[in-house]
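J.: This structure is in structure tokens; I'll ask about it shortly.
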Amino acid sequence: MKSRNSRLDRFISQHSEFAMSDVRLLLAQGRILVDGCVAQSIQQRVSEFSRVVLDDNCLQDKQPIYLMLHKPKGVVSATKDGKHKTVLDLIDHPEKNDLHIVGRLDFNTTGLLLLTNDGAWSRKLSLPETKLPKTYEVTLSKRLNADYMAAFREGIYFGYEGITTQPASLEILSDYSARLSLVEGKYHQVKRMFGFFDNEVLALHRVSVGAITLGPLAPGSSRLLTQDEIDQSSKN
């Protein structure tokens, strides 16, 4: 998801009756405010969340939205789908159609899903170099043992792509359940890592993304992130 921003003169020409060539005069007359300050340059960058006012007429006043959803099983991580219920169908927010998904979950995977209208924020969280840890609770069909922990720590080789997964942390919770934390998101990665041991994943539930945790949020419910959660995620 690309972040939308443009030069001030282009923005004014796209959102008012003035041409780009008129903007220098508007600036000289102090008629343009960006985020409450008198604009000074036609080259000033205007982001999708900049508040722009021309002659007391607000041209843009869009607020960033950061939201978490407890995705239930059987819901598609998409904004549109012709056959299945999507995560947007579960959200009650007046601007939900402006949101996009930050890191999808499979159809039958449950847990924490993040949505936003801030392209720069979602891109930062999704970049491989950010190494943002994602933590899952996993239920398996066969018993676990210490061999899993060692193999996940060293990395699992995926022959189809010819790659080895980055080191992952595995905590065994019981004979058939574990908590897994990893910093990448290859195709069906968790299922394939346990598949290395011929152990089928029966249930997969994401409990956290970086410093953001799902907590007691009920399945199918959503809420806005707190400012502290937004700030903590931005530190990664």
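Residues are named by chain letter and number: chains run A, B, ... in the order of the structure tokens, numbers start at 1 in each chain, and ligands are numbered from 1 in the order shown.
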Using backbone DSSP assignments, extract all helix (DSSP H, G or I) residues from stretch 46-100 of chain A; output them as an mmCIF file with C-alpha atoms, in the first residue's frame.
T.:
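Output (states.cif):
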```cif
data_model
loop_
_atom_site.group_PDB
_atom_site.id
_atom_site.type_symbol
_atom_site.label_atom_id
_atom_site.label_comp_id
_atom_site.auth_asym_id
_atom_site.auth_seq_id
_atom_site.Cartn_x
_atom_site.Cartn_y
_atom_site.Cartn_z
ATOM 1 C CA VAL A 87 -12.980 -9.000 7.711
ATOM 2 C CA LEU A 88 -14.490 -5.669 6.619
ATOM 3 C CA ASP A 89 -17.957 -7.179 7.033
ATOM 4 C CA LEU A 90 -17.176 -7.527 10.751
ATOM 5 C CA LYS A 96 -13.969 1.098 7.066
ATOM 6 C CA ASN A 97 -13.914 1.039 3.253
ATOM 7 C CA ASP A 98 -10.738 3.145 3.338
#
```
J.: Residues at most 12 Å from stretch 27-29 of chain A, counting only C-alpha atoms, excluding those fewer than 5 positions away in the same chain, as a list of chain:residue names?
T.: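 Once the adjacent positions are removed, what remains is A:Leu8, A:Asp9, A:Ile12, A:Met20, A:Ser21, A:Asp22, A:Val34, A:Cys37, A:Val38, A:Ala39, A:Gln40, A:Ser41, A:Ile42, A:Gln43, A:Gln44, A:Val53, A:Leu54, A:Asp55.
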J.: Kindly export the residues of the current selection with N, CA and C atoms, as a compact mmCIF listing (two decimals), in the first residue's frame.
T.:
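In the end it all went to again-v3.txt:
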```txt
# COMPACT_ATOMS: atom_id res chain seq x y z
N LEU A 8 2.64 20.70 -2.81
CA LEU A 8 1.54 21.58 -2.44
C LEU A 8 0.85 22.18 -3.66
N ASP A 9 1.63 22.62 -4.65
CA ASP A 9 0.99 23.26 -5.81
C ASP A 9 0.12 22.27 -6.58
N ILE A 12 -3.13 21.68 -4.48
CA ILE A 12 -4.09 22.79 -4.58
C ILE A 12 -4.81 22.76 -5.92
N MET A 20 -1.94 25.30 -10.90
CA MET A 20 -0.65 25.20 -10.23
C MET A 20 0.10 26.53 -10.29
N SER A 21 -0.05 27.23 -11.40
CA SER A 21 0.66 28.51 -11.58
C SER A 21 0.15 29.60 -10.65
N ASP A 22 -1.02 29.40 -10.05
CA ASP A 22 -1.60 30.40 -9.13
C ASP A 22 -1.08 30.26 -7.70
N VAL A 34 -1.21 24.74 6.15
CA VAL A 34 -0.99 23.30 6.20
C VAL A 34 -0.71 22.92 7.65
N CYS A 37 -0.25 25.93 9.98
CA CYS A 37 0.83 26.90 9.71
C CYS A 37 0.71 27.43 8.29
N VAL A 38 1.08 28.70 8.12
CA VAL A 38 1.04 29.31 6.80
C VAL A 38 2.08 28.64 5.90
N ALA A 39 1.63 28.12 4.76
CA ALA A 39 2.53 27.43 3.83
C ALA A 39 3.50 28.42 3.21
N GLN A 40 4.74 27.93 2.92
CA GLN A 40 5.79 28.81 2.44
C GLN A 40 6.33 28.44 1.06
N SER A 41 6.11 27.21 0.62
CA SER A 41 6.74 26.76 -0.62
C SER A 41 5.79 25.90 -1.43
N ILE A 42 5.86 26.05 -2.76
CA ILE A 42 5.05 25.21 -3.64
C ILE A 42 5.52 23.76 -3.58
N GLN A 43 6.77 23.53 -3.13
CA GLN A 43 7.33 22.19 -3.07
C GLN A 43 7.04 21.49 -1.75
N GLN A 44 6.38 22.17 -0.84
CA GLN A 44 6.04 21.55 0.43
C GLN A 44 5.23 20.28 0.19
N VAL A 53 -5.99 24.07 4.44
CA VAL A 53 -7.05 25.07 4.42
C VAL A 53 -6.68 26.18 3.44
N LEU A 54 -7.59 26.52 2.57
CA LEU A 54 -7.40 27.62 1.61
C LEU A 54 -8.54 28.61 1.78
N ASP A 55 -8.20 29.83 2.18
CA ASP A 55 -9.22 30.87 2.37
C ASP A 55 -10.35 30.39 3.29
```
J.: Compile the contact shell of A:Val52 as JSON, numbers by chain: residues with an atom at most 7 Å away, counting only C-alpha atoms, same-chain residues fewer than 4 positions apart removed.
T.: {"A": [33, 34, 35, 58, 59, 60, 61]}
J.: Determine, counting only C-alpha atoms, which protein, DNA and RNA residues have an atom within 12 Å of an atom of A:Glu129; residues of the same chain fewer than 5 positions away are not included. Present the result as a ChimeraX atom specification.
T.: /A:123-124,166,183-184,236
J.: Got time to write the residues from that selection, N, CA and C atoms, as a PDB file, in the first residue's frame?
T.:
```
ATOM      1  N   ARG A 123       3.313  -0.289   5.631  1.00  0.00           N
ATOM      2  CA  ARG A 123       4.508  -0.684   4.889  1.00  0.00           C
ATOM      3  C   ARG A 123       5.677  -0.923   5.838  1.00  0.00           C
ATOM      4  N   LYS A 124       5.820  -0.071   6.846  1.00  0.00           N
ATOM      5  CA  LYS A 124       6.906  -0.240   7.815  1.00  0.00           C
ATOM      6  C   LYS A 124       6.759  -1.549   8.571  1.00  0.00           C
ATOM      7  N   GLN A 166      14.191 -18.042   8.820  1.00  0.00           N
ATOM      8  CA  GLN A 166      14.967 -17.368   9.852  1.00  0.00           C
ATOM      9  C   GLN A 166      14.684 -17.997  11.206  1.00  0.00           C
ATOM     10  N   VAL A 183       9.672 -13.950  12.616  1.00  0.00           N
ATOM     11  CA  VAL A 183       9.805 -12.580  12.110  1.00  0.00           C
ATOM     12  C   VAL A 183       9.589 -12.486  10.607  1.00  0.00           C
ATOM     13  N   GLU A 184       9.095 -13.544   9.995  1.00  0.00           N
ATOM     14  CA  GLU A 184       8.832 -13.513   8.562  1.00  0.00           C
ATOM     15  C   GLU A 184       7.483 -14.164   8.300  1.00  0.00           C
ATOM     16  N   ASN A 236       9.554  -0.059  16.231  1.00  0.00           N
ATOM     17  CA  ASN A 236      10.237  -1.234  15.668  1.00  0.00           C
ATOM     18  C   ASN A 236      11.130  -0.840  14.508  1.00  0.00           C
TER      19      ASN A 236
END
```
J.: Could you pull out the residues in stretch 22-189 of chain A that DSSP calls strand (DSSP E) from the backbone, as a count of residues only?
T.: 54
J.: Return as a Markdown table the residues of stretch 105-142 of chain A lying at most 10 Å from stretch 174-178 of chain A, together with the closest atom-to-atom pair for each and the distance in Å to one decimal, counting only C-alpha atoms, with rows in chain order and ascending residue number.
T.:
```
| residue | atom | partner | partner_atom | distance |
| --- | --- | --- | --- | --- |
| A:Tyr136 | CA | A:Ala178 | CA | 8.2 |
| A:Glu137 | CA | A:Ala178 | CA | 5.9 |
| A:Val138 | CA | A:Ala178 | CA | 5.3 |
| A:Thr139 | CA | A:Ser177 | CA | 4.5 |
| A:Leu140 | CA | A:Tyr176 | CA | 5.1 |
| A:Ser141 | CA | A:Tyr176 | CA | 6.7 |
| A:Lys142 | CA | A:Tyr176 | CA | 6.2 |
```
J.: Expressed in Å to a single decimal, how great is the separation between atom CA of A:Leu132 and atom CA of A:Val209?
T.: 7.0 Å
J.: I'd like the interatomic distance between atom CA of A:Asn5 and atom CA of A:Ser47, to a tenth of an Å.
T.: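 Value for the atom CA of A:Asn5-atom CA of A:Ser47 distance: 4.2 Å.
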J.: Leaving out stretch 102-113 of chain A and any residue of its chain fewer than 2 positions from it, which residues lie within 6 Å of it when counting only C-alpha atoms, given as a ChimeraX atom specification?
T.: /A:68-77,115,122,204-207,214
J.: Rank A:Ile65, A:Asp118, A:Gly82, A:Arg31 by their smallest atom-to-atom distance to A:Glu95, using only C-alpha atoms, and report the top residue only.
T.: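 Using only C-alpha atoms, A:Glu95 sits closest to A:Ile65.
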J.: Which residue gives the smallest distance to A:His93 among A:Glu229, A:Ser13, A:Ser222, A:Gly210, with only C-alpha atoms counted?
T.: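 Selected residue with least distance to A:His93: A:Ser222.
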J.: Excluding A:His100 and its own-chain neighbours fewer than 3 positions away, which residues fall within 8 Å of it when counting only C-alpha atoms? Please give them as an NGL selection string.
T.: :A and (1 or 79 or 115-117)
J.: With distances taken over only C-alpha atoms, which of A:Ala78, A:Leu26, A:Ile156, A:Ile101 is nearest to A:Phe196?
T.: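 The answer is A:Ile156, which sits nearest to A:Phe196.
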